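Asker: Got a structure for you, input_31.csv, holding CSV, C-alpha atoms.
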chain,number,residue,atom,x,y,z
A,1,MET,CA,89.1,124.0,91.4
A,2,THR,CA,87.7,121.8,88.6
A,3,ALA,CA,90.0,120.4,85.9
A,4,ASN,CA,89.1,120.1,82.3
A,5,PRO,CA,87.7,116.5,81.9
A,6,ILE,CA,89.7,115.8,78.7
A,7,LEU,CA,93.0,116.9,80.4
A,8,LEU,CA,92.1,114.9,83.5
A,9,GLN,CA,91.5,111.7,81.4
A,10,LYS,CA,95.0,112.2,79.9
A,11,LYS,CA,96.5,112.7,83.3
A,12,TYR,CA,94.8,109.5,84.5
A,13,ALA,CA,96.4,107.6,81.6
A,14,ARG,CA,99.9,108.9,82.4
A,15,ILE,CA,99.5,108.1,86.1
A,16,VAL,CA,98.3,104.6,85.5
A,17,GLU,CA,101.1,104.0,83.0
A,18,LEU,CA,103.7,105.1,85.6
A,19,PHE,CA,102.1,103.1,88.4
A,20,SER,CA,102.0,100.0,86.1
A,21,LYS,CA,105.7,100.3,85.3
A,22,LYS,CA,106.9,101.1,88.8
A,23,GLN,CA,104.9,98.2,90.4
A,24,LYS,CA,105.4,95.8,87.4
A,25,LEU,CA,101.7,95.4,87.0
A,26,SER,CA,99.8,94.9,83.8
A,27,LEU,CA,98.0,98.0,82.5
A,28,ASP,CA,94.7,96.3,83.2
A,29,ASP,CA,95.6,95.5,86.8
A,30,ALA,CA,97.0,99.0,87.3
A,31,LEU,CA,93.9,100.6,85.8
A,32,ASP,CA,91.5,98.5,87.9
A,33,PHE,CA,93.4,99.4,91.1
A,34,PHE,CA,93.5,103.1,90.1
A,35,TYR,CA,89.8,103.4,89.6
A,36,HIS,CA,89.1,101.8,93.0
A,37,SER,CA,91.7,103.8,94.8
A,38,ILE,CA,91.3,106.7,97.3
A,39,THR,CA,93.8,108.6,95.2
A,40,TYR,CA,91.5,108.5,92.2
A,41,ARG,CA,88.5,109.6,94.3
A,42,LEU,CA,90.5,112.6,95.6
A,43,ILE,CA,91.7,113.6,92.2
A,44,SER,CA,88.3,113.2,90.5
A,45,GLU,CA,86.5,115.2,93.3
A,46,GLY,CA,89.1,118.0,93.1
A,47,VAL,CA,90.1,117.6,96.8
A,48,SER,CA,93.1,119.7,97.7
A,49,ASP,CA,93.8,120.2,94.0
A,50,MET,CA,95.3,116.8,93.7
A,51,HIS,CA,95.0,117.0,89.9
A,52,CYS,CA,97.6,119.8,90.1
A,53,MET,CA,100.2,117.4,91.6
A,54,SER,CA,102.9,115.9,89.3
A,55,ASP,CA,102.2,112.5,87.6
A,56,ASP,CA,105.1,111.0,89.4
A,57,TYR,CA,103.9,112.2,92.8
A,58,LEU,CA,100.4,110.8,92.2
A,59,ALA,CA,101.9,107.5,91.0
A,60,GLU,CA,103.9,107.3,94.2
A,61,GLU,CA,100.7,108.0,96.2
A,62,LEU,CA,99.1,105.0,94.3
A,63,ILE,CA,102.1,102.8,95.1
A,64,SER,CA,101.8,103.7,98.8
A,65,GLU,CA,98.1,102.9,98.8
A,66,TYR,CA,98.7,99.7,96.9
A,67,ASN,CA,101.4,98.6,99.3
A,68,LYS,CA,99.2,99.3,102.3
A,69,GLU,CA,96.4,97.1,100.8
A,70,ASN,CA,98.7,94.3,99.9
A,71,ILE,CA,100.7,93.9,103.1
A,72,TYR,CA,99.2,90.5,103.8
Render the structure in this file as structure tokens.

Answerer:
Amino acid sequence: MTANPILLQKKYARIVELFSKKQKLSLDDALDFFYHSITYRLISEGVSDMHCMSDDYLAEELISEYNKENIY
């Protein structure tokens, strides 16, 4: 299923804002990480209807991905 591009952009903004707050990152750093993340790729490609998941769930997915990349 393909999401409306305008609605998807608004969803991205909400996800990045939640991710930024939860990880205590600047919006710029959160946005940079988001656009280079696997989570973003899955959402933008419509894989498993990820865009239908809640903003909070997707922010938690980003946090998990962020923590895996920043272990060391």

Asker: When you draw a straight line from CA of Lys10 in chain A to CA of Asn70 in chain A, how long is it in Å?

Answerer: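 Interatomic distance here is 27.1 Å.
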
Asker: Please list as a ChimeraX atom specification every residue within 10 Å of Ser54 in chain A, counting only C-alpha atoms and excluding residues in the same chain fewer than 6 positions away.

Answerer: /A:11,15,60

Asker: Suppose you want the space between CA of Ile63 in chain A and CA of Lys22 in chain A; what is it in Å?

Answerer: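 Straight-line distance from CA of Ile63 in chain A to CA of Lys22 in chain A works out to 8.1 Å.
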
Asker: Take CA of His36 in chain A and CA of Glu69 in chain A and report the distance between them in Å, one decimal.

Answerer: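 It comes out at 11.7 Å.
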
Asker: Which residue out of A:Tyr66, A:Phe19, A:Glu61, A:Leu7 has the minimum interatomic distance to Leu42 in chain A when all atoms listed in the file are used?

Answerer: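 Under the stated criterion, the closest residue is A:Glu61.
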
Asker: Need to verify the contact set: Phe33 in chain A, 12 Å, all atoms listed in the file, exclusion of same-chain residues closer than 2 positions in sequence. Can you return it as JSON, numbers by chain?

Answerer: {"A": [15, 16, 19, 20, 23, 25, 26, 27, 28, 29, 30, 31, 35, 36, 37, 38, 39, 40, 41, 59, 62, 63, 65, 66, 67, 69, 70]}

Asker: Restricting the calculation to only C-alpha atoms: of A:Lys21, A:Ile71, A:Asp32, A:Tyr12, which residue gets closest to Met53 in chain A?

Answerer: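 Using only C-alpha atoms, the shortest distance to Met53 in chain A belongs to A:Tyr12.
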
Asker: Would you save range 14-25 of chain A to a file, keeping all heavy atoms, as a compact mmCIF listing (two decimals), in the first residue's frame?

Answerer:
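Contents of the output file out_25.txt:
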# COMPACT_ATOMS: atom_id res chain seq x y z
N ARG A 14 6.64 14.06 12.70
CA ARG A 14 6.24 13.65 14.05
C ARG A 14 7.17 12.59 14.62
O ARG A 14 7.55 12.64 15.80
CB ARG A 14 4.79 13.12 14.04
CG ARG A 14 3.74 14.17 13.75
CD ARG A 14 2.33 13.65 13.99
NE ARG A 14 2.03 12.39 13.34
CZ ARG A 14 1.49 12.25 12.12
NH1 ARG A 14 1.21 13.34 11.41
NH2 ARG A 14 1.23 11.06 11.63
N ILE A 15 7.57 11.64 13.79
CA ILE A 15 8.47 10.58 14.24
C ILE A 15 9.82 11.17 14.64
O ILE A 15 10.37 10.83 15.69
CB ILE A 15 8.65 9.52 13.14
CG1 ILE A 15 7.35 8.79 12.87
CG2 ILE A 15 9.75 8.53 13.51
CD1 ILE A 15 7.35 7.99 11.59
N VAL A 16 10.36 12.04 13.82
CA VAL A 16 11.66 12.66 14.11
C VAL A 16 11.59 13.48 15.39
O VAL A 16 12.50 13.42 16.22
CB VAL A 16 12.14 13.53 12.92
CG1 VAL A 16 13.34 14.37 13.30
CG2 VAL A 16 12.48 12.63 11.73
N GLU A 17 10.50 14.20 15.58
CA GLU A 17 10.36 15.00 16.80
C GLU A 17 10.31 14.10 18.05
O GLU A 17 10.98 14.38 19.05
CB GLU A 17 9.09 15.85 16.72
CG GLU A 17 8.95 16.78 17.91
CD GLU A 17 7.75 17.69 17.81
OE1 GLU A 17 6.90 17.50 16.91
OE2 GLU A 17 7.65 18.60 18.65
N LEU A 18 9.55 13.01 17.99
CA LEU A 18 9.50 12.07 19.12
C LEU A 18 10.87 11.45 19.38
O LEU A 18 11.31 11.35 20.52
CB LEU A 18 8.50 10.96 18.83
CG LEU A 18 7.04 11.22 19.11
CD1 LEU A 18 6.18 10.11 18.54
CD2 LEU A 18 6.82 11.33 20.61
N PHE A 19 11.52 11.01 18.32
CA PHE A 19 12.84 10.40 18.43
C PHE A 19 13.83 11.39 19.05
O PHE A 19 14.60 11.04 19.95
CB PHE A 19 13.30 9.96 17.03
CG PHE A 19 14.71 9.46 16.96
CD1 PHE A 19 15.13 8.37 17.72
CD2 PHE A 19 15.62 10.05 16.10
CE1 PHE A 19 16.43 7.90 17.63
CE2 PHE A 19 16.91 9.58 16.01
CZ PHE A 19 17.33 8.51 16.77
N SER A 20 13.79 12.63 18.60
CA SER A 20 14.66 13.67 19.12
C SER A 20 14.46 13.87 20.62
O SER A 20 15.43 13.93 21.39
CB SER A 20 14.39 14.98 18.37
OG SER A 20 15.03 16.06 18.97
N LYS A 21 13.21 13.96 21.04
CA LYS A 21 12.91 14.16 22.46
C LYS A 21 13.33 12.97 23.31
O LYS A 21 13.93 13.14 24.37
CB LYS A 21 11.42 14.44 22.66
CG LYS A 21 10.99 15.80 22.20
CD LYS A 21 9.51 16.00 22.41
CE LYS A 21 9.09 17.37 21.89
NZ LYS A 21 7.65 17.58 22.02
N LYS A 22 13.01 11.77 22.86
CA LYS A 22 13.30 10.57 23.64
C LYS A 22 14.81 10.31 23.75
O LYS A 22 15.27 9.81 24.77
CB LYS A 22 12.61 9.36 23.03
CG LYS A 22 11.11 9.38 23.21
CD LYS A 22 10.47 8.15 22.61
CE LYS A 22 8.97 8.18 22.87
NZ LYS A 22 8.39 6.87 22.91
N GLN A 23 15.57 10.63 22.72
CA GLN A 23 17.01 10.39 22.73
C GLN A 23 17.81 11.63 23.13
O GLN A 23 19.03 11.58 23.20
CB GLN A 23 17.49 9.91 21.35
CG GLN A 23 17.13 8.49 21.04
CD GLN A 23 17.71 7.51 22.03
OE1 GLN A 23 16.99 6.94 22.82
NE2 GLN A 23 19.00 7.31 22.01
N LYS A 24 17.10 12.72 23.38
CA LYS A 24 17.74 13.99 23.73
C LYS A 24 18.78 14.40 22.68
O LYS A 24 19.91 14.77 22.98
CB LYS A 24 18.37 13.91 25.13
CG LYS A 24 17.34 13.69 26.22
CD LYS A 24 17.96 13.63 27.58
CE LYS A 24 16.99 13.50 28.72
NZ LYS A 24 15.89 12.64 28.62
N LEU A 25 18.33 14.35 21.42
CA LEU A 25 19.15 14.76 20.29
C LEU A 25 18.58 16.05 19.72
O LEU A 25 17.39 16.33 19.87
CB LEU A 25 19.10 13.70 19.18
CG LEU A 25 19.66 12.32 19.47
CD1 LEU A 25 19.31 11.36 18.33
CD2 LEU A 25 21.17 12.38 19.65
